file model-v6.tsv (TSV, C-alpha atoms)
chain	number	residue	atom	x	y	z
U	6	MET	CA	-52.81	138.83	81.13
U	7	SER	CA	-55.92	138.69	83.28
U	8	LYS	CA	-58.47	141.48	83.33
U	9	ARG	CA	-58.74	143.58	86.42
U	10	GLY	CA	-61.19	142.04	88.89
U	11	ALA	CA	-61.43	138.72	87.04
U	12	PHE	CA	-60.86	135.44	88.83
U	13	ARG	CA	-58.02	133.15	87.75
U	14	GLY	CA	-59.14	130.52	85.33
U	15	GLY	CA	-62.33	132.49	84.60
U	16	ALA	CA	-64.22	130.73	87.39
U	17	MET	CA	-65.57	132.17	90.62
U	18	PRO	CA	-64.64	130.55	93.91
U	19	GLY	CA	-67.48	128.23	94.88
U	20	GLY	CA	-68.87	128.24	91.38
U	21	MET	CA	-71.50	130.34	89.67
U	22	ASN	CA	-74.03	127.51	89.98
U	23	ASN	CA	-73.76	127.62	93.76
U	24	LEU	CA	-74.33	131.38	93.76
U	25	MET	CA	-77.34	131.02	91.47
U	26	LYS	CA	-78.83	128.29	93.68
U	27	GLN	CA	-78.42	130.51	96.73
U	28	ALA	CA	-80.06	133.44	94.92
U	29	GLN	CA	-82.98	131.24	93.83
U	30	LYS	CA	-83.40	129.93	97.37
U	31	MET	CA	-83.45	133.47	98.74
U	32	GLN	CA	-85.94	134.55	96.07
U	33	LYS	CA	-88.28	131.73	97.12
U	34	GLN	CA	-87.90	132.69	100.79
U	35	VAL	CA	-88.68	136.33	99.97
U	36	GLU	CA	-91.79	135.32	98.01
U	37	GLU	CA	-92.98	133.17	100.94
U	38	ALA	CA	-92.32	136.03	103.35
U	39	GLN	CA	-94.26	138.46	101.16
U	40	LYS	CA	-97.21	136.05	101.12
U	41	GLN	CA	-97.01	135.76	104.91
U	42	VAL	CA	-97.02	139.56	105.24
U	43	GLU	CA	-100.01	139.91	102.91
U	44	GLU	CA	-101.99	137.47	105.08
U	45	MET	CA	-101.16	139.29	108.33
U	46	GLU	CA	-103.68	141.24	110.38
U	47	VAL	CA	-102.56	143.66	113.06
U	48	SER	CA	-104.75	145.45	115.58
U	49	ALA	CA	-104.15	148.49	117.73
U	50	ALA	CA	-106.24	150.52	120.15
U	51	SER	CA	-106.38	154.06	121.46
U	52	GLY	CA	-108.33	155.87	124.14
U	53	GLY	CA	-107.73	153.08	126.61
U	54	GLY	CA	-109.27	150.55	124.21
U	55	ALA	CA	-112.27	152.71	123.30
U	56	VAL	CA	-111.21	152.61	119.64
U	57	GLU	CA	-109.71	149.50	118.05
U	58	VAL	CA	-108.70	149.08	114.41
U	59	VAL	CA	-107.52	146.09	112.41
U	60	VAL	CA	-105.15	146.57	109.47
U	61	LYS	CA	-104.39	143.90	106.86
U	62	GLY	CA	-100.89	143.13	105.57
U	63	ASN	CA	-101.52	145.07	102.37
U	64	HIS	CA	-102.11	148.20	104.52
U	65	GLU	CA	-105.88	148.15	104.05
U	66	LEU	CA	-108.00	149.09	107.04
U	67	LYS	CA	-110.13	146.01	107.75
U	68	SER	CA	-112.28	147.18	110.64
U	69	VAL	CA	-112.92	149.86	113.24
U	70	HIS	CA	-114.57	149.06	116.57
U	71	LEU	CA	-115.87	151.86	118.78
U	72	SER	CA	-117.01	151.65	122.40
U	73	GLU	CA	-120.34	153.36	123.05
U	74	GLU	CA	-118.80	155.77	125.55
U	75	VAL	CA	-116.43	157.22	122.94
U	76	VAL	CA	-119.26	158.21	120.57
U	77	ASP	CA	-120.15	161.74	121.66
U	78	PRO	CA	-121.98	163.83	119.03
U	79	ASP	CA	-120.64	166.95	120.75
U	80	ASP	CA	-117.00	165.84	120.41
U	81	ILE	CA	-116.54	164.33	116.96
U	82	GLU	CA	-112.99	165.69	116.80
U	83	MET	CA	-111.87	163.53	119.73
U	84	LEU	CA	-113.30	160.42	118.06
U	85	GLU	CA	-111.55	161.29	114.80
U	86	ASP	CA	-108.24	161.74	116.66
U	87	LEU	CA	-108.63	158.39	118.41
U	88	ILE	CA	-109.32	156.62	115.12
U	89	VAL	CA	-106.27	158.23	113.50
U	90	ALA	CA	-104.07	157.34	116.50
U	91	ALA	CA	-105.18	153.70	116.51
U	92	THR	CA	-104.77	153.38	112.75
U	93	ASN	CA	-101.29	154.91	112.79
U	94	GLU	CA	-100.23	152.56	115.60
U	95	ALA	CA	-101.58	149.53	113.71
U	96	MET	CA	-99.68	150.60	110.57
U	97	ARG	CA	-96.49	151.07	112.60
U	98	LYS	CA	-96.87	147.59	114.12
U	99	LEU	CA	-97.53	146.11	110.68
U	100	ASP	CA	-94.42	147.74	109.23
U	101	GLU	CA	-92.31	146.54	112.15
U	102	GLN	CA	-93.56	142.96	111.90
U	103	SER	CA	-93.21	142.98	108.11
U	104	SER	CA	-89.60	144.16	108.40
U	105	GLU	CA	-88.81	141.36	110.85
U	106	ILE	CA	-90.32	138.74	108.52
U	107	MET	CA	-88.45	140.08	105.49
U	108	ALA	CA	-85.16	140.30	107.42
U	109	LYS	CA	-85.47	136.61	108.28
U	110	ALA	CA	-86.15	135.76	104.63
U	111	THR	CA	-83.20	137.75	103.34
U	112	GLY	CA	-80.78	136.60	106.01
U	113	GLY	CA	-80.32	140.15	107.26
U	114	LEU	CA	-79.27	141.51	103.86
U	115	GLY	CA	-81.73	144.37	104.19
U	116	GLY	CA	-85.48	144.81	104.20
U	117	GLY	CA	-86.76	144.23	100.69
U	118	LEU	CA	-83.16	143.65	99.57
U	119	GLY	CA	-82.49	147.37	99.44
U	120	GLY	CA	-78.76	147.97	98.97
U	121	GLY	CA	-77.49	145.05	101.03
U	122	LEU	CA	-77.59	142.30	98.40
U	123	GLY	CA	-76.18	144.55	95.70
U	124	ASP	CA	-73.30	145.49	97.98
U	125	ALA	CA	-72.69	141.83	98.86
U	126	LEU	CA	-72.61	140.84	95.19
U	127	GLY	CA	-70.33	143.77	94.47
U	128	GLY	CA	-67.85	142.32	96.94
U	129	LEU	CA	-67.83	139.17	94.78
U	130	GLY	CA	-67.04	141.17	91.66
U	131	LEU	CA	-70.62	140.96	90.41
U	132	GLY	CA	-71.36	144.64	90.19
U	133	GLY	CA	-71.92	146.54	93.40
U	134	GLY	CA	-74.56	149.23	93.24
U	135	LEU	CA	-77.19	146.87	91.86
U	136	PRO	CA	-80.72	148.16	92.48
U	137	PHE	CA	-81.50	145.32	94.89
call {"tool": "encode", "arguments": {"input": "model-v6.tsv", "output": "structure tokens"}}
result
Amino acid sequence: MSKRGAFRGGAMPGGMNNLMKQAQKMQKQVEEAQKQVEEMEVSAASGGGAVEVVVKGNHELKSVHLSEEVVDPDDIEMLEDLIVAATNEAMRKLDEQSSEIMAKATGGLGGGLGGGLGDALGGLGLGGGLPF
């Protein structure tokens, strides 16, 4: 009598080796995508270009460029707000571009493999609810 959920003959359709090769290929693609993201630089501006920031793929602020006209000693608060706005926009762009790169690497199984791959493997009888 076969166990519930087991495949006949104890083998999976397509073979376990094929599944492992696909998983290894995806792992390599994810690693390459992560490297690509780390090397990215994204810029954004605020105040009509008066403030421009550059953010690196690891979410570090690389540089801040200020136009002379935006530096007003009597209105430091406006300059601070412009810097924050430009930085937030650069971070948003970085996250968006990173998600696109990771989605391509994972074949649309979910950014960073969250939930999607575990659910897909669960459909093959390999334990849905995996943490990836």
call {"tool": "closest_residue", "arguments": {"input": "model-v6.tsv", "among": "U:Glu94, U:Ala28, U:Glu37, U:Met21", "to": "Glu57 (chain U)", "atoms": "all atoms listed in the file"}}
result
U:Glu94
call {"tool": "residues_near_point", "arguments": {"input": "model-v6.tsv", "point": "(-95.5, 150.1, 110.2)", "cutoff": "12 Å", "atoms": "only C-alpha atoms", "output": "CSV table (one decimal) with C-alpha atoms, keeping the file's coordinate frame"}}
result
chain,number,residue,atom,x,y,z
U,42,VAL,CA,-97.0,139.6,105.2
U,47,VAL,CA,-102.6,143.7,113.1
U,48,SER,CA,-104.8,145.4,115.6
U,49,ALA,CA,-104.2,148.5,117.7
U,60,VAL,CA,-105.2,146.6,109.5
U,61,LYS,CA,-104.4,143.9,106.9
U,62,GLY,CA,-100.9,143.1,105.6
U,63,ASN,CA,-101.5,145.1,102.4
U,64,HIS,CA,-102.1,148.2,104.5
U,92,THR,CA,-104.8,153.4,112.8
U,93,ASN,CA,-101.3,154.9,112.8
U,94,GLU,CA,-100.2,152.6,115.6
U,95,ALA,CA,-101.6,149.5,113.7
U,96,MET,CA,-99.7,150.6,110.6
U,97,ARG,CA,-96.5,151.1,112.6
U,98,LYS,CA,-96.9,147.6,114.1
U,99,LEU,CA,-97.5,146.1,110.7
U,100,ASP,CA,-94.4,147.7,109.2
U,101,GLU,CA,-92.3,146.5,112.2
U,102,GLN,CA,-93.6,143.0,111.9
U,103,SER,CA,-93.2,143.0,108.1
U,104,SER,CA,-89.6,144.2,108.4
U,105,GLU,CA,-88.8,141.4,110.8
call {"tool": "atom_distance", "arguments": {"input": "model-v6.tsv", "atom1": "CA of Leu114 (chain U)", "atom2": "CA of Gln39 (chain U)"}}
result
15.5 Å
call {"tool": "atom_distance", "arguments": {"input": "model-v6.tsv", "atom1": "CA of Ala110 (chain U)", "atom2": "CA of Glu44 (chain U)"}}
result
15.9 Å
